[in-house]
$ cat upload.cif   # mmCIF, N, CA and C atoms
data_data
#
loop_
_atom_site.group_PDB
_atom_site.id
_atom_site.type_symbol
_atom_site.label_atom_id
_atom_site.label_comp_id
_atom_site.auth_asym_id
_atom_site.auth_seq_id
_atom_site.Cartn_x
_atom_site.Cartn_y
_atom_site.Cartn_z
ATOM 1 N N MET A 851 69.334 143.388 244.304
ATOM 2 C CA MET A 851 68.812 142.127 243.815
ATOM 3 C C MET A 851 67.410 142.366 243.251
ATOM 4 N N THR A 852 67.212 141.939 242.040
ATOM 5 C CA THR A 852 65.927 142.180 241.398
ATOM 6 C C THR A 852 64.955 141.048 241.709
ATOM 7 N N VAL A 853 63.713 141.304 241.390
ATOM 8 C CA VAL A 853 62.665 140.304 241.610
ATOM 9 C C VAL A 853 62.923 139.073 240.748
ATOM 10 N N MET A 854 63.430 139.303 239.538
ATOM 11 C CA MET A 854 63.706 138.189 238.633
ATOM 12 C C MET A 854 64.765 137.259 239.214
ATOM 13 N N ASN A 855 65.803 137.806 239.821
ATOM 14 C CA ASN A 855 66.843 136.978 240.427
ATOM 15 C C ASN A 855 66.294 136.162 241.591
ATOM 16 N N VAL A 856 65.397 136.741 242.360
ATOM 17 C CA VAL A 856 64.782 136.011 243.467
ATOM 18 C C VAL A 856 63.933 134.861 242.930
ATOM 19 N N LEU A 857 63.151 135.125 241.884
ATOM 20 C CA LEU A 857 62.323 134.075 241.295
ATOM 21 C C LEU A 857 63.166 132.954 240.697
ATOM 22 N N ILE A 858 64.267 133.305 240.075
ATOM 23 C CA ILE A 858 65.169 132.292 239.537
ATOM 24 C C ILE A 858 65.749 131.452 240.668
ATOM 25 N N GLY A 859 66.129 132.088 241.748
ATOM 26 C CA GLY A 859 66.652 131.357 242.900
ATOM 27 C C GLY A 859 65.623 130.412 243.498
ATOM 28 N N VAL A 860 64.383 130.870 243.593
ATOM 29 C CA VAL A 860 63.313 130.013 244.119
ATOM 30 C C VAL A 860 63.089 128.826 243.191
ATOM 31 N N ALA A 861 63.100 129.065 241.880
ATOM 32 C CA ALA A 861 62.919 127.981 240.917
ATOM 33 C C ALA A 861 64.046 126.960 241.019
ATOM 34 N N VAL A 862 65.270 127.434 241.165
ATOM 35 C CA VAL A 862 66.411 126.523 241.299
ATOM 36 C C VAL A 862 66.274 125.679 242.558
ATOM 37 N N VAL A 863 65.853 126.288 243.647
ATOM 38 C CA VAL A 863 65.676 125.540 244.900
ATOM 39 C C VAL A 863 64.604 124.463 244.733
ATOM 40 N N PHE A 864 63.477 124.820 244.104
ATOM 41 C CA PHE A 864 62.411 123.840 243.914
ATOM 42 C C PHE A 864 62.835 122.716 242.976
ATOM 43 N N PHE A 865 63.536 123.040 241.901
ATOM 44 C CA PHE A 865 64.039 121.994 241.002
ATOM 45 C C PHE A 865 65.024 121.087 241.735
ATOM 46 N N ALA A 866 65.888 121.670 242.550
ATOM 47 C CA ALA A 866 66.851 120.861 243.301
ATOM 48 C C ALA A 866 66.151 119.960 244.314
ATOM 49 N N LEU A 867 65.145 120.477 245.004
ATOM 50 C CA LEU A 867 64.403 119.648 245.961
ATOM 51 C C LEU A 867 63.676 118.512 245.252
ATOM 52 N N GLY A 868 63.085 118.791 244.106
ATOM 53 C CA GLY A 868 62.417 117.743 243.335
ATOM 54 C C GLY A 868 63.392 116.684 242.857
ATOM 55 N N ALA A 869 64.564 117.117 242.414
ATOM 56 C CA ALA A 869 65.572 116.166 241.956
ATOM 57 C C ALA A 869 66.096 115.318 243.114
ATOM 58 N N LEU A 870 66.310 115.932 244.265
ATOM 59 C CA LEU A 870 66.773 115.166 245.423
ATOM 60 C C LEU A 870 65.727 114.159 245.891
ATOM 61 N N ALA A 871 64.464 114.544 245.877
ATOM 62 C CA ALA A 871 63.403 113.609 246.263
ATOM 63 C C ALA A 871 63.330 112.446 245.274
ATOM 64 N N ALA A 872 63.477 112.735 243.989
ATOM 65 C CA ALA A 872 63.463 111.671 242.988
ATOM 66 C C ALA A 872 64.673 110.761 243.135
ATOM 67 N N LEU A 873 65.833 111.333 243.414
ATOM 68 C CA LEU A 873 67.028 110.509 243.635
ATOM 69 C C LEU A 873 66.883 109.618 244.856
ATOM 70 N N TYR A 874 66.271 110.145 245.908
ATOM 71 C CA TYR A 874 66.050 109.335 247.107
ATOM 72 C C TYR A 874 65.154 108.145 246.782
ATOM 73 N N ARG A 875 64.066 108.386 246.058
ATOM 74 C CA ARG A 875 63.162 107.298 245.703
ATOM 75 C C ARG A 875 63.820 106.344 244.720
ATOM 76 N N LEU A 876 64.677 106.859 243.855
ATOM 77 C CA LEU A 876 65.391 106.025 242.891
ATOM 78 C C LEU A 876 66.326 105.057 243.603
ATOM 79 N N VAL A 877 66.965 105.516 244.661
ATOM 80 C CA VAL A 877 67.905 104.666 245.397
ATOM 81 C C VAL A 877 67.178 103.730 246.348
ATOM 82 N N THR A 878 66.165 104.222 247.056
ATOM 83 C CA THR A 878 65.532 103.429 248.102
ATOM 84 C C THR A 878 64.218 102.791 247.696
ATOM 85 N N GLY A 879 63.766 103.034 246.474
ATOM 86 C CA GLY A 879 62.465 102.511 246.064
ATOM 87 C C GLY A 879 62.380 101.007 246.260
ATOM 88 N N PRO A 880 61.347 100.536 246.923
ATOM 89 C CA PRO A 880 61.292 99.099 247.205
ATOM 90 C C PRO A 880 61.003 98.248 245.971
ATOM 91 N N THR A 881 60.363 98.800 244.961
ATOM 92 C CA THR A 881 60.047 97.999 243.783
ATOM 93 C C THR A 881 60.654 98.630 242.537
ATOM 94 N N LEU A 882 60.659 97.838 241.485
ATOM 95 C CA LEU A 882 61.176 98.318 240.211
ATOM 96 C C LEU A 882 60.318 99.458 239.666
ATOM 97 N N LEU A 883 59.016 99.362 239.837
ATOM 98 C CA LEU A 883 58.139 100.412 239.328
ATOM 99 C C LEU A 883 58.358 101.731 240.059
ATOM 100 N N ASP A 884 58.650 101.683 241.370
ATOM 101 C CA ASP A 884 58.980 102.910 242.099
ATOM 102 C C ASP A 884 60.228 103.564 241.514
ATOM 103 N N ARG A 885 61.196 102.749 241.182
ATOM 104 C CA ARG A 885 62.434 103.286 240.613
ATOM 105 C C ARG A 885 62.207 103.858 239.213
ATOM 106 N N VAL A 886 61.347 103.221 238.435
ATOM 107 C CA VAL A 886 61.051 103.728 237.086
ATOM 108 C C VAL A 886 60.334 105.072 237.175
ATOM 109 N N VAL A 887 59.352 105.173 238.064
ATOM 110 C CA VAL A 887 58.636 106.440 238.226
ATOM 111 C C VAL A 887 59.593 107.521 238.719
ATOM 112 N N ALA A 888 60.492 107.169 239.634
ATOM 113 C CA ALA A 888 61.460 108.138 240.136
ATOM 114 C C ALA A 888 62.406 108.596 239.029
ATOM 115 N N SER A 889 62.818 107.682 238.160
ATOM 116 C CA SER A 889 63.694 108.093 237.065
ATOM 117 C C SER A 889 62.949 108.998 236.086
ATOM 118 N N ASP A 890 61.664 108.727 235.860
ATOM 119 C CA ASP A 890 60.868 109.617 235.009
ATOM 120 C C ASP A 890 60.731 111.000 235.642
ATOM 121 N N VAL A 891 60.491 111.035 236.936
ATOM 122 C CA VAL A 891 60.379 112.325 237.626
ATOM 123 C C VAL A 891 61.698 113.079 237.553
ATOM 124 N N LEU A 892 62.801 112.376 237.711
ATOM 125 C CA LEU A 892 64.114 113.025 237.620
ATOM 126 C C LEU A 892 64.357 113.579 236.218
ATOM 127 N N LEU A 893 64.010 112.799 235.204
ATOM 128 C CA LEU A 893 64.176 113.290 233.834
ATOM 129 C C LEU A 893 63.293 114.503 233.562
ATOM 130 N N VAL A 894 62.066 114.474 234.036
ATOM 131 C CA VAL A 894 61.167 115.612 233.825
ATOM 132 C C VAL A 894 61.678 116.837 234.575
ATOM 133 N N THR A 895 62.231 116.643 235.755
ATOM 134 C CA THR A 895 62.792 117.762 236.508
ATOM 135 C C THR A 895 63.967 118.388 235.757
ATOM 136 N N VAL A 896 64.819 117.554 235.217
ATOM 137 C CA VAL A 896 65.945 118.059 234.423
ATOM 138 C C VAL A 896 65.433 118.787 233.180
ATOM 139 N N MET A 897 64.425 118.212 232.535
ATOM 140 C CA MET A 897 63.868 118.857 231.350
ATOM 141 C C MET A 897 63.237 120.205 231.693
ATOM 142 N N CYS A 898 62.551 120.275 232.819
ATOM 143 C CA CYS A 898 61.960 121.554 233.235
ATOM 144 C C CYS A 898 63.044 122.578 233.561
ATOM 145 N N GLY A 899 64.118 122.125 234.176
ATOM 146 C CA GLY A 899 65.232 123.029 234.455
ATOM 147 C C GLY A 899 65.859 123.559 233.179
ATOM 148 N N LEU A 900 66.039 122.681 232.195
ATOM 149 C CA LEU A 900 66.579 123.130 230.911
ATOM 150 C C LEU A 900 65.620 124.089 230.207
ATOM 151 N N GLY A 901 64.337 123.785 230.285
ATOM 152 C CA GLY A 901 63.345 124.684 229.677
ATOM 153 C C GLY A 901 63.320 126.039 230.352
ATOM 154 N N ALA A 902 63.431 126.049 231.669
ATOM 155 C CA ALA A 902 63.473 127.323 232.392
ATOM 156 C C ALA A 902 64.731 128.106 232.028
ATOM 157 N N GLU A 903 65.853 127.404 231.893
ATOM 158 C CA GLU A 903 67.103 128.076 231.507
ATOM 159 C C GLU A 903 66.983 128.674 230.110
ATOM 160 N N MET A 904 66.313 127.949 229.206
ATOM 161 C CA MET A 904 66.116 128.485 227.861
ATOM 162 C C MET A 904 65.228 129.732 227.892
ATOM 163 N N ALA A 905 64.196 129.699 228.705
ATOM 164 C CA ALA A 905 63.295 130.850 228.786
ATOM 165 C C ALA A 905 63.986 132.052 229.415
ATOM 166 N N ILE A 906 64.804 131.820 230.427
ATOM 167 C CA ILE A 906 65.489 132.919 231.101
ATOM 168 C C ILE A 906 66.518 133.572 230.182
ATOM 169 N N ASN A 907 67.279 132.752 229.456
ATOM 170 C CA ASN A 907 68.350 133.271 228.613
ATOM 171 C C ASN A 907 67.913 133.547 227.172
ATOM 172 N N HIS A 908 66.638 133.345 226.865
ATOM 173 C CA HIS A 908 66.081 133.654 225.548
ATOM 174 C C HIS A 908 66.839 132.979 224.414
ATOM 175 N N HIS A 909 66.969 131.662 224.489
ATOM 176 C CA HIS A 909 67.584 130.912 223.396
ATOM 177 C C HIS A 909 66.902 129.551 223.280
ATOM 178 N N ALA A 910 67.194 128.855 222.205
ATOM 179 C CA ALA A 910 66.610 127.532 221.984
ATOM 180 C C ALA A 910 67.673 126.522 221.575
ATOM 181 N N THR A 911 68.896 126.738 222.004
ATOM 182 C CA THR A 911 69.980 125.851 221.571
ATOM 183 C C THR A 911 69.928 124.489 222.255
ATOM 184 N N THR A 912 69.305 124.385 223.409
ATOM 185 C CA THR A 912 69.235 123.088 224.087
ATOM 186 C C THR A 912 67.921 122.357 223.793
ATOM 187 N N LEU A 913 67.163 122.850 222.841
ATOM 188 C CA LEU A 913 65.918 122.186 222.479
ATOM 189 C C LEU A 913 66.142 120.761 221.959
ATOM 190 N N PRO A 914 67.149 120.490 221.130
ATOM 191 C CA PRO A 914 67.384 119.091 220.721
ATOM 192 C C PRO A 914 67.665 118.170 221.918
ATOM 193 N N LEU A 915 68.364 118.675 222.912
ATOM 194 C CA LEU A 915 68.614 117.874 224.110
ATOM 195 C C LEU A 915 67.313 117.562 224.830
ATOM 196 N N LEU A 916 66.413 118.527 224.905
ATOM 197 C CA LEU A 916 65.108 118.289 225.512
ATOM 198 C C LEU A 916 64.334 117.215 224.756
ATOM 199 N N LEU A 917 64.378 117.254 223.451
ATOM 200 C CA LEU A 917 63.674 116.261 222.651
ATOM 201 C C LEU A 917 64.255 114.869 222.838
ATOM 202 N N VAL A 918 65.576 114.758 222.919
ATOM 203 C CA VAL A 918 66.216 113.461 223.142
ATOM 204 C C VAL A 918 65.868 112.928 224.535
ATOM 205 N N LEU A 919 65.894 113.786 225.539
ATOM 206 C CA LEU A 919 65.523 113.349 226.890
ATOM 207 C C LEU A 919 64.069 112.894 226.950
ATOM 208 N N ALA A 920 63.183 113.605 226.275
ATOM 209 C CA ALA A 920 61.779 113.206 226.248
ATOM 210 C C ALA A 920 61.610 111.859 225.550
ATOM 211 N N ALA A 921 62.335 111.645 224.467
ATOM 212 C CA ALA A 921 62.254 110.359 223.762
ATOM 213 C C ALA A 921 62.776 109.226 224.632
ATOM 214 N N PHE A 922 63.905 109.447 225.317
ATOM 215 C CA PHE A 922 64.435 108.410 226.207
ATOM 216 C C PHE A 922 63.469 108.102 227.340
ATOM 217 N N ALA A 923 62.861 109.119 227.899
ATOM 218 C CA ALA A 923 61.910 108.903 228.994
ATOM 219 C C ALA A 923 60.715 108.091 228.505
ATOM 220 N N PHE A 924 60.186 108.448 227.345
ATOM 221 C CA PHE A 924 59.027 107.731 226.808
ATOM 222 C C PHE A 924 59.378 106.290 226.471
ATOM 223 N N ILE A 925 60.457 106.090 225.737
ATOM 224 C CA ILE A 925 60.843 104.742 225.329
ATOM 225 C C ILE A 925 61.181 103.882 226.541
ATOM 226 N N GLY A 926 61.860 104.458 227.514
ATOM 227 C CA GLY A 926 62.190 103.699 228.720
ATOM 228 C C GLY A 926 60.958 103.304 229.508
ATOM 229 N N SER A 927 60.016 104.204 229.660
ATOM 230 C CA SER A 927 58.795 103.895 230.405
ATOM 231 C C SER A 927 57.968 102.832 229.696
ATOM 232 N N VAL A 928 57.843 102.947 228.382
ATOM 233 C CA VAL A 928 57.076 101.960 227.631
ATOM 234 C C VAL A 928 57.762 100.599 227.679
ATOM 235 N N SER A 929 59.080 100.571 227.596
ATOM 236 C CA SER A 929 59.809 99.304 227.655
ATOM 237 C C SER A 929 59.632 98.618 228.998
ATOM 238 N N VAL A 930 59.740 99.375 230.064
ATOM 239 C CA VAL A 930 59.573 98.785 231.393
ATOM 240 C C VAL A 930 58.135 98.327 231.595
ATOM 241 N N ALA A 931 57.177 99.111 231.123
ATOM 242 C CA ALA A 931 55.777 98.710 231.259
ATOM 243 C C ALA A 931 55.508 97.416 230.484
ATOM 244 N N LYS A 932 56.078 97.303 229.306
ATOM 245 C CA LYS A 932 55.904 96.081 228.533
ATOM 246 C C LYS A 932 56.573 94.898 229.229
ATOM 247 N N PHE A 933 57.757 95.104 229.767
ATOM 248 C CA PHE A 933 58.456 94.050 230.498
ATOM 249 C C PHE A 933 57.674 93.623 231.731
ATOM 250 N N MET A 934 57.151 94.589 232.484
ATOM 251 C CA MET A 934 56.395 94.260 233.692
ATOM 252 C C MET A 934 55.071 93.581 233.337
ATOM 253 N N GLY A 935 54.481 93.950 232.209
ATOM 254 C CA GLY A 935 53.254 93.296 231.765
ATOM 255 C C GLY A 935 53.493 91.845 231.415
ATOM 256 N N ARG A 936 54.580 91.550 230.775
ATOM 257 C CA ARG A 936 54.929 90.155 230.455
ATOM 258 C C ARG A 936 55.263 89.371 231.709
ATOM 259 N N ARG A 937 55.923 90.021 232.657
ATOM 260 C CA ARG A 937 56.308 89.351 233.893
ATOM 261 C C ARG A 937 55.094 88.986 234.733
ATOM 262 N N ASP A 938 54.065 89.830 234.710
ATOM 263 C CA ASP A 938 52.870 89.550 235.487
ATOM 264 C C ASP A 938 52.021 88.443 234.865
ATOM 265 N N ASP A 939 52.142 88.228 233.562
ATOM 266 C CA ASP A 939 51.355 87.193 232.902
ATOM 267 C C ASP A 939 51.809 85.789 233.258
ATOM 268 N N THR A 940 53.053 85.613 233.617
ATOM 269 C CA THR A 940 53.572 84.271 233.901
ATOM 270 C C THR A 940 53.304 83.833 235.296
#

$ encode --input "upload.cif" --output "structure tokens"
Amino acid sequence: MTVMNVLIGVAVVFFALGALAALYRLVTGPTLLDRVVASDVLLVTVMCGLGAEMAINHHATTLPLLLVLAAFAFIGSVSVAKFMGRRDDT
């Protein structure tokens, strides 16, 4: 077993732990904002995993998927923030 395989295994474990923590907060979050932050963390974790996979395998074929996920995360966060801002004004 090479050092690279060990590092990849450690990275996978950390990404999985981050995703599980985000899923837990997504399900049990007491407020809507907790759930939105958890969904953003989950999306970023998935994006980091895809980026790590691209770096390990030396390709860029999933780059469009990363860009779409980043756009969805940004648009979703801004939409919820705008909705929550309007809700607090009333």

$ residues_around --input "upload.cif" --residues "Phe864 of chain A" --least-positions-apart "4" --cutoff "12 Å" --atoms "only C-alpha atoms" --output "list in words"
Leu857, Ile858, Gly859, Val860, Gly868, Ala869, Leu870, Ala871, Thr895, Val896, Cys898 and Gly899 of chain A

$ residues_around --input "upload.cif" --residues "segment 890-892 of chain A" --least-positions-apart "3" --cutoff "12 Å" --atoms "only C-alpha atoms" --output "JSON, numbers by chain"
{"A": [865, 866, 867, 868, 869, 870, 871, 872, 873, 874, 875, 876, 883, 884, 885, 886, 887, 895, 896, 897, 898, 899, 919, 920, 921, 922, 923, 924, 925, 926, 927, 928, 930]}

$ atom_distance --input "upload.cif" --atom1 "atom CA of Asn855 of chain A" --atom2 "atom CA of His909 of chain A"
18.1 Å

$ atom_distance --input "upload.cif" --atom1 "atom C of Arg937 of chain A" --atom2 "atom N of Ser889 of chain A"
20.5 Å

$ atom_distance --input "upload.cif" --atom1 "atom CA of Arg936 of chain A" --atom2 "atom CA of Val877 of chain A"
24.5 Å

$ axis_aligned_box --input "upload.cif" --around "segment 875-884 of chain A" --padding-each-side "4 Å" --output "JSON"
{"center_x": 63.0, "center_y": 103.1, "center_z": 243.7, "size_x": 17.8, "size_y": 18.5, "size_z": 16.8}

$ residues_around --input "upload.cif" --residues "Leu900 of chain A" --least-positions-apart "6" --cutoff "12 Å" --atoms "only C-alpha atoms" --output "list in words"
Ala861, Val862, Phe865, Leu893, Val894, Ile906, Asn907, His908, His909, Ala910, Thr911, Thr912, Leu913, Pro914, Leu915, Leu916, Leu917, Leu919 and Ala920 of chain A

$ decode --input "upload.cif" --residues "segment 862-928 of chain A" --atoms "C-alpha atoms" --output "PDB file, in the first residue's frame"
ATOM      1  CA  VAL A 862     -12.498   9.841   1.588  1.00  0.00           C
ATOM      2  CA  VAL A 863     -13.107   9.286   5.301  1.00  0.00           C
ATOM      3  CA  PHE A 864     -13.018  13.029   6.016  1.00  0.00           C
ATOM      4  CA  PHE A 865     -15.339  13.826   3.098  1.00  0.00           C
ATOM      5  CA  ALA A 866     -17.736  11.115   4.272  1.00  0.00           C
ATOM      6  CA  LEU A 867     -17.705  12.417   7.856  1.00  0.00           C
ATOM      7  CA  GLY A 868     -18.362  15.956   6.628  1.00  0.00           C
ATOM      8  CA  ALA A 869     -21.215  14.769   4.439  1.00  0.00           C
ATOM      9  CA  LEU A 870     -22.759  12.758   7.274  1.00  0.00           C
ATOM     10  CA  ALA A 871     -22.543  15.726   9.646  1.00  0.00           C
ATOM     11  CA  ALA A 872     -24.186  17.955   7.036  1.00  0.00           C
ATOM     12  CA  LEU A 873     -26.924  15.382   6.431  1.00  0.00           C
ATOM     13  CA  TYR A 874     -27.582  15.158  10.161  1.00  0.00           C
ATOM     14  CA  ARG A 875     -27.957  18.934  10.413  1.00  0.00           C
ATOM     15  CA  LEU A 876     -30.064  18.963   7.242  1.00  0.00           C
ATOM     16  CA  VAL A 877     -32.524  16.496   8.762  1.00  0.00           C
ATOM     17  CA  THR A 878     -32.551  17.729  12.361  1.00  0.00           C
ATOM     18  CA  GLY A 879     -31.841  21.430  11.904  1.00  0.00           C
ATOM     19  CA  PRO A 880     -34.310  23.356  14.029  1.00  0.00           C
ATOM     20  CA  THR A 881     -34.591  26.305  11.644  1.00  0.00           C
ATOM     21  CA  LEU A 882     -34.754  26.830   7.924  1.00  0.00           C
ATOM     22  CA  LEU A 883     -31.444  28.680   7.935  1.00  0.00           C
ATOM     23  CA  ASP A 884     -29.723  25.717   9.633  1.00  0.00           C
ATOM     24  CA  ARG A 885     -31.001  23.482   6.866  1.00  0.00           C
ATOM     25  CA  VAL A 886     -29.859  25.908   4.152  1.00  0.00           C
ATOM     26  CA  VAL A 887     -26.355  26.118   5.624  1.00  0.00           C
ATOM     27  CA  ALA A 888     -26.260  22.322   5.915  1.00  0.00           C
ATOM     28  CA  SER A 889     -27.283  21.921   2.279  1.00  0.00           C
ATOM     29  CA  ASP A 890     -24.542  24.365   1.257  1.00  0.00           C
ATOM     30  CA  VAL A 891     -21.999  22.422   3.301  1.00  0.00           C
ATOM     31  CA  LEU A 892     -23.165  19.181   1.696  1.00  0.00           C
ATOM     32  CA  LEU A 893     -22.860  20.662  -1.787  1.00  0.00           C
ATOM     33  CA  VAL A 894     -19.385  22.009  -1.044  1.00  0.00           C
ATOM     34  CA  THR A 895     -18.343  18.621   0.332  1.00  0.00           C
ATOM     35  CA  VAL A 896     -19.529  16.918  -2.841  1.00  0.00           C
ATOM     36  CA  MET A 897     -17.757  19.535  -4.939  1.00  0.00           C
ATOM     37  CA  CYS A 898     -14.527  19.030  -2.994  1.00  0.00           C
ATOM     38  CA  GLY A 899     -14.824  15.279  -3.458  1.00  0.00           C
ATOM     39  CA  LEU A 900     -15.283  15.717  -7.198  1.00  0.00           C
ATOM     40  CA  GLY A 901     -12.343  18.112  -7.325  1.00  0.00           C
ATOM     41  CA  ALA A 902     -10.157  15.671  -5.423  1.00  0.00           C
ATOM     42  CA  GLU A 903     -11.203  12.872  -7.789  1.00  0.00           C
ATOM     43  CA  MET A 904     -10.276  15.052 -10.759  1.00  0.00           C
ATOM     44  CA  ALA A 905      -6.878  15.827  -9.256  1.00  0.00           C
ATOM     45  CA  ILE A 906      -6.168  12.187  -8.422  1.00  0.00           C
ATOM     46  CA  ASN A 907      -7.156  10.865 -11.852  1.00  0.00           C
ATOM     47  CA  HIS A 908      -5.656  13.812 -13.789  1.00  0.00           C
ATOM     48  CA  HIS A 909      -8.724  14.772 -15.808  1.00  0.00           C
ATOM     49  CA  ALA A 910     -11.192  17.637 -16.066  1.00  0.00           C
ATOM     50  CA  THR A 911     -14.266  15.907 -17.451  1.00  0.00           C
ATOM     51  CA  THR A 912     -16.404  16.614 -14.378  1.00  0.00           C
ATOM     52  CA  LEU A 913     -15.573  20.316 -14.352  1.00  0.00           C
ATOM     53  CA  PRO A 914     -18.944  21.289 -15.935  1.00  0.00           C
ATOM     54  CA  LEU A 915     -20.690  19.384 -13.142  1.00  0.00           C
ATOM     55  CA  LEU A 916     -18.691  21.349 -10.576  1.00  0.00           C
ATOM     56  CA  LEU A 917     -19.713  24.611 -12.210  1.00  0.00           C
ATOM     57  CA  VAL A 918     -23.399  23.630 -12.247  1.00  0.00           C
ATOM     58  CA  LEU A 919     -23.266  22.595  -8.579  1.00  0.00           C
ATOM     59  CA  ALA A 920     -21.590  25.880  -7.657  1.00  0.00           C
ATOM     60  CA  ALA A 921     -24.251  27.839  -9.551  1.00  0.00           C
ATOM     61  CA  PHE A 922     -27.069  25.919  -7.846  1.00  0.00           C
ATOM     62  CA  ALA A 923     -25.506  26.475  -4.435  1.00  0.00           C
ATOM     63  CA  PHE A 924     -25.103  30.206  -5.049  1.00  0.00           C
ATOM     64  CA  ILE A 925     -28.555  30.737  -6.539  1.00  0.00           C
ATOM     65  CA  GLY A 926     -30.205  28.662  -3.822  1.00  0.00           C
ATOM     66  CA  SER A 927     -28.458  30.512  -1.005  1.00  0.00           C
ATOM     67  CA  VAL A 928     -29.265  33.919  -2.465  1.00  0.00           C
TER      68      VAL A 928
END
